[in-house]
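The file entry_11.cif comes next; it holds mmCIF, C-alpha atoms.
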```cif
data_query
#
loop_
_atom_site.label_atom_id
_atom_site.label_comp_id
_atom_site.auth_asym_id
_atom_site.auth_seq_id
_atom_site.Cartn_x
_atom_site.Cartn_y
_atom_site.Cartn_z
CA MET A 1 16.81 18.08 15.63
CA THR A 2 13.88 16.15 14.15
CA THR A 3 12.02 13.43 15.99
CA ALA A 4 9.92 10.47 14.84
CA ALA A 5 6.81 12.57 15.58
CA ASP A 6 8.05 15.21 13.11
CA HIS A 7 7.94 12.60 10.34
CA THR A 8 4.55 11.16 11.35
CA HIS A 9 2.81 14.53 11.86
CA GLY A 10 2.09 13.66 15.50
CA LEU A 11 0.29 10.42 14.62
CA ARG A 12 0.87 7.26 16.63
CA VAL A 13 2.43 4.32 14.79
CA LEU A 14 0.56 1.18 15.87
CA ALA A 15 2.39 -1.27 13.59
CA GLU A 16 4.91 -1.34 10.74
CA ALA A 17 6.03 -3.74 8.01
CA ARG A 18 8.60 -3.56 5.20
CA ARG A 19 9.62 -5.42 2.08
CA PRO A 20 12.36 -6.42 1.62
CA SER A 21 12.75 -7.29 5.27
CA PRO A 22 15.38 -9.22 7.23
CA GLY A 23 14.39 -12.88 7.47
CA LEU A 24 11.85 -12.57 4.66
CA ALA A 25 13.38 -14.07 1.52
CA GLY A 26 11.94 -14.13 -1.96
CA PRO A 27 9.04 -12.33 -3.56
CA PRO A 28 5.64 -11.96 -1.88
CA PRO A 29 3.20 -14.81 -2.44
CA PRO A 30 1.05 -14.61 -5.60
CA LEU A 31 -2.22 -12.75 -5.29
CA PRO A 32 -5.23 -14.45 -6.91
CA GLY A 33 -6.77 -12.30 -9.64
CA PHE A 34 -3.59 -10.28 -10.26
CA ALA A 35 -1.15 -11.23 -13.03
CA ALA A 36 1.97 -10.05 -14.87
CA SER A 37 3.34 -7.95 -12.00
CA GLY A 38 4.70 -8.21 -8.49
CA PHE A 39 3.37 -4.76 -7.51
CA ASN A 40 -0.05 -5.79 -6.22
CA PRO A 41 1.24 -8.85 -4.31
CA LEU A 42 3.90 -6.55 -2.78
CA VAL A 43 1.26 -4.06 -1.60
CA ALA A 44 -1.10 -6.77 -0.30
CA ASP A 45 1.59 -8.74 1.53
CA THR A 46 3.09 -5.66 3.20
CA ALA A 47 -0.39 -4.48 4.24
CA ASP A 48 -1.27 -7.96 5.59
CA ARG A 49 1.90 -8.17 7.65
CA CYS A 50 1.35 -4.70 9.13
CA LEU A 51 -2.31 -5.37 10.00
CA ARG A 52 -1.44 -8.79 11.46
CA GLU A 53 1.19 -7.22 13.71
CA HIS A 54 -1.48 -5.07 15.36
CA HIS A 55 -4.71 -7.08 15.00
CA GLY A 56 -3.70 -10.71 14.57
CA PRO A 57 -5.69 -12.54 11.87
CA PRO A 58 -8.50 -10.83 9.91
CA PRO A 59 -10.87 -9.14 10.34
CA ALA A 60 -9.71 -5.81 11.77
CA PRO A 61 -12.21 -4.05 14.05
CA GLY A 62 -13.18 -0.40 13.68
CA ARG A 63 -12.93 1.97 10.75
CA THR A 64 -9.56 1.76 8.99
CA ALA A 65 -8.78 3.85 5.92
CA LEU A 66 -6.42 2.54 3.24
CA LEU A 67 -3.90 4.86 1.61
CA LEU A 68 -1.51 3.76 -1.14
CA ALA A 69 1.36 6.09 -2.03
CA SER A 70 3.48 5.32 -5.09
CA ALA A 71 5.43 7.64 -7.35
CA SER A 72 6.23 4.84 -9.81
CA GLY A 73 2.97 2.92 -9.73
CA ASP A 74 2.71 -0.58 -11.15
CA LEU A 75 5.39 -0.43 -13.85
CA ALA A 76 5.15 -4.09 -14.89
CA THR A 77 1.39 -3.87 -15.51
CA ALA A 78 1.85 -0.63 -17.46
CA ARG A 79 4.47 -2.35 -19.64
CA ALA A 80 2.24 -5.41 -20.14
CA ILE A 81 -0.68 -3.20 -21.25
CA GLU A 82 1.59 -1.25 -23.59
CA GLN A 83 2.91 -4.48 -25.15
CA SER A 84 -0.59 -5.91 -25.50
CA ALA A 85 -1.67 -2.82 -27.46
CA GLU A 86 0.66 -3.77 -30.31
CA PRO A 87 -1.12 -4.75 -33.56
CA GLY A 88 -2.43 -8.30 -33.50
CA ARG A 89 -2.27 -8.65 -29.71
CA ARG A 90 -5.15 -8.75 -27.26
CA THR A 91 -5.13 -7.19 -23.80
CA GLY A 92 -6.23 -9.55 -21.05
CA PRO A 93 -9.11 -8.25 -18.92
CA LEU A 94 -7.14 -8.74 -15.68
CA LEU A 95 -4.64 -6.13 -16.83
CA PHE A 96 -7.35 -3.47 -17.05
CA PHE A 97 -8.64 -4.39 -13.59
CA GLN A 98 -5.25 -4.38 -11.89
CA SER A 99 -4.02 -1.23 -13.66
CA ASN A 100 -6.23 0.74 -11.21
CA PRO A 101 -4.30 1.02 -7.91
CA ASN A 102 -7.57 0.90 -5.98
CA ALA A 103 -8.07 -2.71 -7.14
CA VAL A 104 -5.49 -4.07 -4.70
CA LEU A 105 -6.79 -1.76 -1.97
CA GLY A 106 -10.28 -3.19 -2.50
CA HIS A 107 -8.82 -6.69 -2.15
CA ILE A 108 -7.16 -5.73 1.15
CA ALA A 109 -10.33 -4.01 2.43
CA ALA A 110 -12.48 -7.05 1.63
CA ARG A 111 -10.00 -9.50 3.18
CA TRP A 112 -9.69 -7.51 6.41
CA GLY A 113 -13.23 -6.11 6.62
CA LEU A 114 -11.96 -2.52 6.49
CA THR A 115 -14.68 0.11 6.26
CA GLY A 116 -12.80 3.40 5.93
CA PRO A 117 -12.01 5.45 2.83
CA VAL A 118 -9.74 4.05 0.10
CA VAL A 119 -7.24 6.51 -1.42
CA ALA A 120 -4.30 6.21 -3.82
CA ILE A 121 -1.84 9.07 -4.34
CA CYS A 122 1.23 9.74 -6.45
CA PRO A 123 3.62 11.70 -4.23
CA ALA A 124 5.97 14.25 -5.79
CA ALA A 125 8.99 12.33 -4.55
CA ALA A 126 9.43 8.88 -3.11
CA GLU A 127 12.27 7.07 -1.42
CA PRO A 128 11.92 3.30 -1.82
CA GLY A 129 11.04 1.66 1.49
CA ARG A 130 9.87 4.88 3.17
CA VAL A 131 6.45 6.44 3.61
CA PRO A 132 6.42 9.89 1.96
CA THR A 133 5.48 13.03 3.87
CA GLU A 134 2.36 13.57 1.73
CA ALA A 135 0.99 10.23 2.92
CA TYR A 136 1.36 11.19 6.59
CA GLU A 137 -0.29 14.55 5.87
CA LEU A 138 -3.28 12.91 4.16
CA ALA A 139 -3.55 10.28 6.91
CA ALA A 140 -3.69 13.08 9.49
CA LEU A 141 -6.51 14.73 7.52
CA LEU A 142 -8.50 11.49 7.26
CA LEU A 143 -8.22 11.02 11.02
CA ALA A 144 -8.95 14.67 11.86
CA ASP A 145 -12.05 14.66 9.64
CA GLY A 146 -13.38 11.63 11.49
CA ASP A 147 -13.40 9.50 8.33
CA ALA A 148 -11.47 6.74 10.08
CA ASP A 149 -10.15 5.62 13.47
CA ARG A 150 -6.93 4.33 11.92
CA VAL A 151 -5.16 4.69 8.57
CA LEU A 152 -3.09 1.97 6.95
CA VAL A 153 -0.54 3.63 4.69
CA VAL A 154 1.35 1.50 2.19
CA ALA A 155 4.16 3.09 0.16
CA ALA A 156 5.32 0.92 -2.74
CA GLU A 157 7.91 1.53 -5.44
CA GLN A 158 9.30 -0.58 -8.25
CA THR A 159 12.93 0.28 -8.96
CA PRO A 160 15.76 -1.25 -10.99
CA ASP A 161 17.13 -2.48 -7.64
CA GLY A 162 13.90 -4.34 -6.87
CA ASP A 163 10.47 -3.79 -5.38
CA HIS A 164 10.21 -1.96 -2.05
CA ALA A 165 7.28 -1.34 0.27
CA ALA A 166 6.69 0.10 3.70
CA ALA A 167 3.42 0.02 5.63
CA VAL A 168 2.41 1.86 8.78
CA LEU A 169 -0.83 1.60 10.72
CA LEU A 170 -1.52 5.04 12.16
CA ALA A 171 -3.87 6.46 14.78
CA GLY A 172 -4.45 9.95 16.07
CA PRO A 173 -2.26 11.22 18.91
CA SER A 174 -4.86 10.41 21.58
CA ALA A 175 -6.57 7.38 20.00
#
```
Re-express the file's structure as structure tokens.
Amino acid sequence: MTTAADHTHGLRVLAEARRPSPGLAGPPPPLPGFAASGFNPLVADTADRCLREHHGPPPAPGRTALLLASASGDLATARAIEQSAEPGRRTGPLLFFQSNPNAVLGHIAARWGLTGPVVAICPAAAEPGRVPTEAYELAALLLADGDADRVLVVAAEQTPDGDHAAAVLLAGPSA
């Protein structure tokens, strides 16, 4: 039989948030500086709700690492860049900026005053709305190495059924 600790690699879950979520209708609010895609607003809103659950309003004290896990990445931005590369079209500078997944993580870090490492990974497999095993493994390493006191993991996927995200704020087993 597996337990919750088996899935979190022994880490303590301090807070969680999901999108879609019961009682939370519609898309996430727009995110200034990000256009053409709901991916970055999805990541930022899910991260905000998770951090707020544990800390209240910004800033968050201590050293918190940010870890984004997405097998699909920002599909809408990738499509927009591809379409803008057609002859006679011009690519908007915001698309280049937001095509880097660390851009939204930098936004979250600045908003919350987070001072830990910022990492984005593409897990081998992803289940929409769930944090992949690789993300828990990397979070455990960041905590064990002393790079952070907490790790905020956001898993985000864009699927034909809609956008899904899950966030967990993790701490070491004795933190």
Picked residues, the PyMOL selection byres ((chain A and resi 154-169) around 9), expected as a VMD selection string: chain A and resid 12 to 20 27 38 to 39 42 to 44 46 to 47 49 to 51 54 64 66 to 76 126 to 132 135 150 to 153 170 to 171
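In terms of minimum interatomic distance to A:Leu143, A:His9 ranks closest within A:Arg89, A:Arg79, A:His9, A:Arg52, counting all atoms listed in the file.
Relative to atom CA of A:Glu82, atom CA of A:Ile108 is found at 26.6 Å.
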Quick check on the file I pasted: which residues fall under the PyMOL selection byres ((chain A and resi 55-61) around 8)? Write them as a PDB file with C-alpha atoms, in the coordinates of the input.
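Below is the file that was written, part-v6.pdb:
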```
ATOM      1  CA  LEU A  51      -2.310  -5.370  10.000  1.00  0.00           C
ATOM      2  CA  ARG A  52      -1.440  -8.790  11.460  1.00  0.00           C
ATOM      3  CA  GLU A  53       1.190  -7.220  13.710  1.00  0.00           C
ATOM      4  CA  HIS A  54      -1.480  -5.070  15.360  1.00  0.00           C
ATOM      5  CA  GLY A  62     -13.180  -0.400  13.680  1.00  0.00           C
ATOM      6  CA  ARG A  63     -12.930   1.970  10.750  1.00  0.00           C
ATOM      7  CA  ARG A 111     -10.000  -9.500   3.180  1.00  0.00           C
ATOM      8  CA  TRP A 112      -9.690  -7.510   6.410  1.00  0.00           C
ATOM      9  CA  GLY A 113     -13.230  -6.110   6.620  1.00  0.00           C
ATOM     10  CA  LEU A 114     -11.960  -2.520   6.490  1.00  0.00           C
TER      11      LEU A 114
END
```
Atomic separation - atom CA of A:Asp149 relative to atom CA of A:Ala125, Å: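 Answer for the atom CA of A:Ala125 to atom CA of A:Asp149 separation: 27.1 Å.
Atom pair atom CA of A:Thr8 / atom CA of A:Pro41: separated by 25.6 Å.
Of the residues listed (A:Ala35, A:Leu11, A:Ala80, A:Ala109), A:Leu11 shows the shortest atom-to-atom separation from A:Ala139; distances use only C-alpha atoms.
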Put the listed atoms of stretch 39-53 of chain A in a box along x, y and z with 5 Å added on every side and give me the centre and edge lengths in Å to one decimal, as AutoDock Vina command-line options.
```
--center_x 0.8 --center_y -6.5 --center_z 3.1 --size_x 16.2 --size_y 14.8 --size_z 31.2
```
Selected residue of minimal separation from A:Ala65 among A:Ala140, A:Ala148, A:Ala36, A:Ala103, counting only C-alpha atoms: A:Ala148
Would you mind putting N, CA and C atoms back on stretch 107-118 of chain A and writing the result as a JSON list (two decimals), keeping the file's coordinate frame?
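Final output, saved to selection30.json:
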```json
[["chain", "number", "residue", "atom", "x", "y", "z"],
["A", 107, "HIS", "N", -9.12, -5.32, -2.58],
["A", 107, "HIS", "CA", -8.82, -6.69, -2.15],
["A", 107, "HIS", "C", -8.46, -6.71, -0.66],
["A", 108, "ILE", "N", -7.59, -5.81, -0.25],
["A", 108, "ILE", "CA", -7.16, -5.73, 1.15],
["A", 108, "ILE", "C", -8.35, -5.40, 2.05],
["A", 109, "ALA", "N", -9.16, -4.42, 1.64],
["A", 109, "ALA", "CA", -10.33, -4.01, 2.43],
["A", 109, "ALA", "C", -11.30, -5.17, 2.60],
["A", 110, "ALA", "N", -11.55, -5.92, 1.54],
["A", 110, "ALA", "CA", -12.48, -7.05, 1.63],
["A", 110, "ALA", "C", -11.91, -8.15, 2.53],
["A", 111, "ARG", "N", -10.64, -8.44, 2.38],
["A", 111, "ARG", "CA", -10.00, -9.50, 3.18],
["A", 111, "ARG", "C", -10.03, -9.18, 4.67],
["A", 112, "TRP", "N", -9.80, -7.91, 5.01],
["A", 112, "TRP", "CA", -9.69, -7.51, 6.41],
["A", 112, "TRP", "C", -10.97, -6.90, 6.97],
["A", 113, "GLY", "N", -11.99, -6.72, 6.15],
["A", 113, "GLY", "CA", -13.23, -6.11, 6.62],
["A", 113, "GLY", "C", -13.07, -4.64, 6.96],
["A", 114, "LEU", "N", -12.22, -3.93, 6.22],
["A", 114, "LEU", "CA", -11.96, -2.52, 6.49],
["A", 114, "LEU", "C", -13.08, -1.67, 5.91],
["A", 115, "THR", "N", -13.52, -0.68, 6.67],
["A", 115, "THR", "CA", -14.68, 0.11, 6.26],
["A", 115, "THR", "C", -14.39, 1.59, 6.08],
["A", 116, "GLY", "N", -13.13, 1.99, 6.12],
["A", 116, "GLY", "CA", -12.80, 3.40, 5.93],
["A", 116, "GLY", "C", -12.58, 3.74, 4.47],
["A", 117, "PRO", "N", -12.26, 5.01, 4.20],
["A", 117, "PRO", "CA", -12.01, 5.45, 2.83],
["A", 117, "PRO", "C", -10.83, 4.70, 2.20],
["A", 118, "VAL", "N", -10.81, 4.67, 0.87],
["A", 118, "VAL", "CA", -9.74, 4.05, 0.10],
["A", 118, "VAL", "C", -9.18, 5.13, -0.82]]
```
